[in-house]
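J.: My questions all concern the structure below.
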Amino acid sequence: MTIDVTPTSVSGINIRSSQNRLLIKNGRVVNEDGMEDADVYVEDGVIKQVGRNLIIPGGTRTIDATGKLVMPGGIDPHTHFELEMMGAKTADDFYKGTRAAVAGGTTTVIDFVLPQKGQSLLEAYNNWRQKADGKVCCDYALHVGVTWWSPSVRKEMEQLTSEQYGVNSFKMFMAYKDSWMLDDYTLYQAIEACAELKAIPQVHAENGDIIARNTEKLLAKGVTGPEGHEMSRNEEVEAEAVNRACVIANQANSPLYIVHMMSKSAVQALQIARARQRQPLYGETLAATVGTDGSHYRNACFRHAAAHVLSPPLRPDPATPQAVLDALADDHLQLIGSDNCTFTEKDKELGKDNFAKIPNGVNGVEDRMAILWQKGVNTGIMDPCRFVAVTSSTAAKIFNIWPQKGRVAVNSDADIVVWDPRLERTISASTHKHAVDFNIFEGQHVVGSPQYVVVNGRVCLDDGDLRVVEGFGKFIKTPVNSPYVYGEEAADSVEPRAQSPMIHTPKRVTNGNTPSPGFGEELKLVNKQLEAMSGLPSGCSTPTGRKMRDTAQRDLQSSSFSISKEVEGLDTKTSVRVRNPPGGKSSGLW
Ligand code: URQ
Ligand code: ZN
Ligand code: ZN
């Protein structure tokens with residue numbers, strides 16, 4: 001067991017009991033559906049009271065959160081720790097990876113069990129549990145990959161969804177031909193199985209056949225460097241697979257969750273499918289997508305360019321980060337993960353002479369929240385409530401661990417971030433907590449970061465000092481039949497979904513400015529293309545003709561609370577207005 005602690009702390013158990021009571025005072029509590037000025041009292045890892053004038057036992061440690069936001073700890077729905085792929089093993093193991101997560105404000109990660117073709121899913125699951133259980137510094141759950149198909153795989157999927165194993169999501173690959181990729185027939189069966197089990201099917205949406213052929217052609221022409229990676233799999237290759245996956249899910253009358261959406265075209269394809277399909281479709285993007293771009297593939301330095309290689313790739317279109325941020329704010333995308341999958345310079349060199357051999361993956365679990373805060377909140381694109389939704393609570397709802405996770409409320413786990421919107425830092429590999437020697441956000445100045453991070457009631461980031469305990473985290477079971485995904489309201493048209501108390505209506509920050517250009521004209525074009533590709537809606541499920549939301553009608557009832565006004569001296573250009581929280585308008589003053 002490794003303990004990053006001050007000399008006064010002695011063991012995981014003692015640390016737990018000596019810090020079993022905690023009061024976070026004078027902060028502004030932010031949940032996905034509103035904000036309120038309230039104190040938060042924690043005992044034995046659980047939030048016991050939220051409000052003002054609380055009666056607290058003597059000897060309780062108090063954190064003064066004046067001027068700070070008190071938010072649910074981040075949930076990163078997409079990590080790969082200790083993953084072996086493409087001849088290498090990720091630098092971040094479950095200890096270093098979750099330590100980096102906590103440093104950045106994330107208190108739960110969902111990692112992927114990825115079985116080899118022909119391997120038992122249960123065996124792979126057990127391997128992952130063995131790797132993770134003794135090392136995680138925060139709680140974690142598992143998705144399981146379906147990388148091949150047989151009756152035994154179907155049976156093991158069912159076993160994995162039982163109470164004993166606690167898995168409710170399965171990832172299928174439409175890329176990585178000759179390793180994890182499934183053909184459409186098999187993908188259809190796997191998605192059907194998920195729907196039958198009331199689990200959540202996830203897809204990696206890229207056309208693996210096109211990528212394989214393009215790779216051959218590029219290599220034959222002498223394009224061997226990292227720039228060939230994006231060239232072999234441009235936006236269209238991603239958007240086609242997004243549309244195809246949605247069509248297959250529609251035929252199977254299944255919901256669908258699309259992981260790591262990296263391009264405007266892919267988001268447009270999803271937006272169109274969400275408008276036509278009855279079952280819910282969810283889109284996840286990455287910190288990498290909003291925090292950097294594909295221009296790095298043209299960097300003359302192989303190390304630099306290869307460090308940015310992931311799949312689907314970062315896009316050269318410089319409008320991508322802004323468009324993806326807009327989509328996150330407008331609920332065309334629902335979550336942001338990291339896809340943390342770090343390989344060292346030495347590992348990336350496996351592809352020195354052939355871009356197709358560069359191990360795929362980048363960092364992100366540590367900087368995901370600060371990057372989104374900087375790019376999304378400080379710029380006024382989204383408000384803090386939407387920030388909480390996309391970084392935490394929506395993942396908790398989809399994967400059916402809400403409100404245990406993803407909420408600051410009585411009886412929720414005490415996974416809490418005290419966020420200082422004034423804290424400034426510059427991201428660098430020289431200071432990050434990852435085990436990897438490169439950071440794709442190197443040199444970026446961010447304003448807003450966690451000051452305290454509480455994991456299950458224990459202060460693991462203490463006024464900037466990281467004090468995690470290896471093995472302190474635990475495995476969290478994710479039960480099937482998530483009401484958010486499979487509940488009645490989830491299958492209805494957009495109006496009832498928006499009215500559901502469980503579902504936050506996303507808030508576009510208006511700032512008095514015209515919203516940045518969305519997908520208007522381009523969308524119409526792609527709409528036509530995709531309609532032509534997909535044919536008519538399935539006879540297996542009932543199309544609802546779900547209406548696309550009218551952006552002009554969003555967020556018209558803003559309150560006057562403004563972070564830039566309230567936190568004097570902030571150098572963030574923030575001017576965020578939010579709706580009144582449920583139960584009445586907040587005072588707006590700390
Ligand atoms: O495809 C993924 O999610 C993993 C296995 C690799 N990382 C990446 O490049 N996205
Ligand atoms: Zn993937
Ligand atoms: Zn991934």
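All residue names refer to the structure tokens as shown: chains lettered A, B, ... in order, residues numbered from 1 in each chain, ligands numbered from 1 in order.
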Quick one: residues within 6 Å of ligand 1, with only C-alpha atoms and all ligand atoms, as a list in words?

T.: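 The neighbouring residues of ligand 1 are, in order, Leu310, Ser311, Asp339, Cys341, Asn360 and Gly361 of chain A.
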
J.: Got a sec to tell me which of segment 195-248 of chain A DSSP assigns to helix (DSSP H, G or I), as number ranges by chain?

T.: A: 195-197, 208-220, 227-231, 235-248

J.: Determine, counting only C-alpha atoms, which protein, DNA and RNA residues have an atom within 8 Å of an atom of segment 286-288 of chain A; residues of the same chain fewer than 4 positions away are not included. Present the result as a compact mmCIF listing (two decimals) with C-alpha atoms, in the first residue's frame.

T.:
```txt
# COMPACT_ATOMS: atom_id res chain seq x y z
CA HIS A 260 -15.26 9.59 -27.56
CA MET A 261 -16.99 11.69 -30.22
CA MET A 262 -14.25 13.75 -31.81
CA THR A 292 -6.46 20.72 -28.15
CA ASP A 293 -6.70 19.90 -31.87
CA LEU A 314 -8.14 15.00 -33.02
CA ILE A 336 -17.23 14.57 -21.25
CA GLY A 337 -14.71 11.85 -20.39
CA SER A 338 -10.97 11.61 -20.73
CA ASP A 339 -10.29 8.28 -22.50
CA VAL A 362 -3.62 10.39 -24.55
CA GLY A 364 -6.87 13.60 -19.63
CA ASP A 367 -7.04 17.87 -16.42
CA ARG A 368 -10.51 17.03 -17.74
CA MET A 369 -12.38 19.23 -15.28
CA ILE A 371 -9.86 22.16 -19.15
CA LEU A 372 -13.65 22.14 -19.45
CA ILE A 440 -1.28 17.12 -24.48
```

J.: Any residue with an atom at most 9 Å from ligand 2 counts, using only C-alpha atoms and all ligand atoms. Which are they? Put them as a PyMOL selection string.

T.: chain A and resi 171-176+203-206+259-260+310-312+339

J.: Using only C-alpha atoms, pick whichever of A:Pro226, A:Pro479, A:Gly51, A:Pro115 has the shortest atom-to-atom distance to Phe355 of chain A.

T.: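 Of all the options, A:Pro226 lies closest to Phe355 of chain A.
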
J.: Taking into account only C-alpha atoms and all ligand atoms, which residue in the set A:Leu114, A:Val40, A:Leu54, A:Ile211 is nearest to ligand 3?

T.: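 That would be A:Leu114, the residue with the smallest distance to ligand 3.
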
J.: Just the residues within 6 Å of segment 232-236 of chain A, please, counting only C-alpha atoms, with nothing from its chain fewer than 2 positions along; format it as a list in words.

T.: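 In the requested format, the answer is Ile211, Asn214, Thr215, Gly228, His229, Glu230, Glu238, Ala239, Glu240 and Ser265 of chain A.
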
J.: Since we have the selection now, will you write its residues out, keeping C-alpha atoms, as a PDB file, in the first residue's frame?

T.:
```
ATOM      1  CA  ILE A 211      -9.421   2.838 -42.091  1.00  0.00           C
ATOM      2  CA  ASN A 214      -6.813   3.950 -46.343  1.00  0.00           C
ATOM      3  CA  THR A 215      -3.877   2.905 -44.176  1.00  0.00           C
ATOM      4  CA  GLY A 228      -1.243   9.680 -41.679  1.00  0.00           C
ATOM      5  CA  HIS A 229      -3.279   8.691 -38.639  1.00  0.00           C
ATOM      6  CA  GLU A 230      -5.906  11.404 -39.143  1.00  0.00           C
ATOM      7  CA  GLU A 238     -16.364   8.705 -37.919  1.00  0.00           C
ATOM      8  CA  ALA A 239     -19.730  10.236 -38.895  1.00  0.00           C
ATOM      9  CA  GLU A 240     -20.661   7.260 -41.075  1.00  0.00           C
ATOM     10  CA  SER A 265     -19.531  15.667 -38.457  1.00  0.00           C
TER      11      SER A 265
END
```

J.: Could you jot down the atom CA of Ala409 of chain A to atom CA of Gln49 of chain A separation for me, Å, one decimal place?

T.: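 That distance, rounded to one decimal, is 7.6 Å.
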
J.: What is the atom CA of Leu83 of chain A-atom CA of Trp149 of chain A distance in Å, reported with one decimal?

T.: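 Between these atoms lies a distance of 21.3 Å.
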
J.: So that I can see what lies close to segment 278-284 of chain A, please list as a PDB file with N, CA, C and O atoms, in the first residue's frame the residues with an atom at most 6 Å from it, counting only C-alpha atoms and leaving out residues fewer than 5 positions away in the same chain.

T.:
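Ended up saving to around.pdb:
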```pdb
ATOM      1  N   SER A 254     -32.998  -0.218 -29.228  1.00  0.00           N
ATOM      2  CA  SER A 254     -32.106  -0.120 -28.065  1.00  0.00           C
ATOM      3  C   SER A 254     -31.613   1.310 -27.885  1.00  0.00           C
ATOM      4  O   SER A 254     -31.413   2.039 -28.856  1.00  0.00           O
ATOM      5  N   PRO A 255     -31.359   1.689 -26.635  1.00  0.00           N
ATOM      6  CA  PRO A 255     -30.595   2.930 -26.443  1.00  0.00           C
ATOM      7  C   PRO A 255     -29.153   2.717 -26.899  1.00  0.00           C
ATOM      8  O   PRO A 255     -28.743   1.571 -27.148  1.00  0.00           O
ATOM      9  N   LEU A 256     -28.407   3.786 -26.971  1.00  0.00           N
ATOM     10  CA  LEU A 256     -27.011   3.670 -27.401  1.00  0.00           C
ATOM     11  C   LEU A 256     -26.203   4.817 -26.813  1.00  0.00           C
ATOM     12  O   LEU A 256     -26.686   5.938 -26.714  1.00  0.00           O
ATOM     13  N   TYR A 257     -24.973   4.483 -26.466  1.00  0.00           N
ATOM     14  CA  TYR A 257     -24.036   5.464 -25.916  1.00  0.00           C
ATOM     15  C   TYR A 257     -22.806   5.433 -26.814  1.00  0.00           C
ATOM     16  O   TYR A 257     -22.182   4.386 -26.969  1.00  0.00           O
ATOM     17  N   ILE A 258     -22.509   6.582 -27.426  1.00  0.00           N
ATOM     18  CA  ILE A 258     -21.354   6.634 -28.324  1.00  0.00           C
ATOM     19  C   ILE A 258     -20.186   7.285 -27.580  1.00  0.00           C
ATOM     20  O   ILE A 258     -20.297   8.419 -27.102  1.00  0.00           O
ATOM     21  N   VAL A 259     -19.105   6.536 -27.458  1.00  0.00           N
ATOM     22  CA  VAL A 259     -17.947   7.030 -26.705  1.00  0.00           C
ATOM     23  C   VAL A 259     -17.097   7.950 -27.584  1.00  0.00           C
ATOM     24  O   VAL A 259     -17.214   7.947 -28.809  1.00  0.00           O
ATOM     25  N   HIS A 260     -16.269   8.698 -26.953  1.00  0.00           N
ATOM     26  CA  HIS A 260     -15.263   9.585 -27.559  1.00  0.00           C
ATOM     27  C   HIS A 260     -15.642  10.121 -28.945  1.00  0.00           C
ATOM     28  O   HIS A 260     -15.043   9.767 -29.939  1.00  0.00           O
ATOM     29  N   MET A 261     -16.606  11.037 -28.960  1.00  0.00           N
ATOM     30  CA  MET A 261     -16.993  11.691 -30.221  1.00  0.00           C
ATOM     31  C   MET A 261     -16.067  12.879 -30.463  1.00  0.00           C
ATOM     32  O   MET A 261     -15.954  13.775 -29.634  1.00  0.00           O
ATOM     33  N   LEU A 333     -24.449  16.831 -27.042  1.00  0.00           N
ATOM     34  CA  LEU A 333     -23.581  15.850 -26.387  1.00  0.00           C
ATOM     35  C   LEU A 333     -23.916  15.894 -24.901  1.00  0.00           C
ATOM     36  O   LEU A 333     -24.263  16.955 -24.373  1.00  0.00           O
ATOM     37  N   GLN A 334     -23.771  14.779 -24.235  1.00  0.00           N
ATOM     38  CA  GLN A 334     -24.250  14.698 -22.855  1.00  0.00           C
ATOM     39  C   GLN A 334     -23.143  14.602 -21.807  1.00  0.00           C
ATOM     40  O   GLN A 334     -23.384  14.882 -20.635  1.00  0.00           O
ATOM     41  N   LEU A 335     -21.982  14.123 -22.193  1.00  0.00           N
ATOM     42  CA  LEU A 335     -20.930  13.933 -21.188  1.00  0.00           C
ATOM     43  C   LEU A 335     -19.552  14.217 -21.774  1.00  0.00           C
ATOM     44  O   LEU A 335     -19.364  14.160 -22.981  1.00  0.00           O
ATOM     45  N   ILE A 336     -18.628  14.439 -20.851  1.00  0.00           N
ATOM     46  CA  ILE A 336     -17.225  14.566 -21.252  1.00  0.00           C
ATOM     47  C   ILE A 336     -16.392  13.607 -20.399  1.00  0.00           C
ATOM     48  O   ILE A 336     -16.500  13.594 -19.175  1.00  0.00           O
ATOM     49  N   ALA A 491     -37.826   6.983 -23.039  1.00  0.00           N
ATOM     50  CA  ALA A 491     -38.220   6.543 -24.374  1.00  0.00           C
ATOM     51  C   ALA A 491     -39.215   7.496 -25.030  1.00  0.00           C
ATOM     52  O   ALA A 491     -39.575   7.325 -26.178  1.00  0.00           O
ATOM     53  N   PRO A 543     -40.878   5.402 -34.611  1.00  0.00           N
ATOM     54  CA  PRO A 543     -40.253   6.717 -34.650  1.00  0.00           C
ATOM     55  C   PRO A 543     -41.200   7.774 -34.070  1.00  0.00           C
ATOM     56  O   PRO A 543     -42.401   7.709 -34.269  1.00  0.00           O
ATOM     57  N   THR A 544     -40.654   8.714 -33.346  1.00  0.00           N
ATOM     58  CA  THR A 544     -41.516   9.702 -32.685  1.00  0.00           C
ATOM     59  C   THR A 544     -41.518  11.038 -33.394  1.00  0.00           C
ATOM     60  O   THR A 544     -42.301  11.907 -33.072  1.00  0.00           O
TER      61      THR A 544
END
```

J.: So how far away is atom CA of His80 of chain A from atom CA of Thr342 of chain A, in Å?

T.: 8.2 Å

J.: I'd like to know which residues of segment 104-139 of chain A are strand (DSSP E) (by DSSP, run on the backbone); could you write them as a list of chain:residue names?

T.: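 Restricting segment 104-139 of chain A to strand (DSSP E) produces A:Thr106, A:Thr107, A:Thr108, A:Val109, A:Ile110, A:Asp111, A:Phe112, A:Val113, A:Asp139.
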
J.: With only C-alpha atoms and all ligand atoms as the basis for distance, which of A:Gly67, A:Gly34, A:Gly134, A:Pro77 is at the shortest distance from ligand 3?

T.: A:Pro77

J.: Counting only C-alpha atoms and all ligand atoms, which of A:Leu328, A:Val365, A:Glu489, A:Leu182 gets nearest to ligand 3?

T.: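 Once distances to ligand 3 are computed over only C-alpha atoms and all ligand atoms, the minimum belongs to A:Val365.
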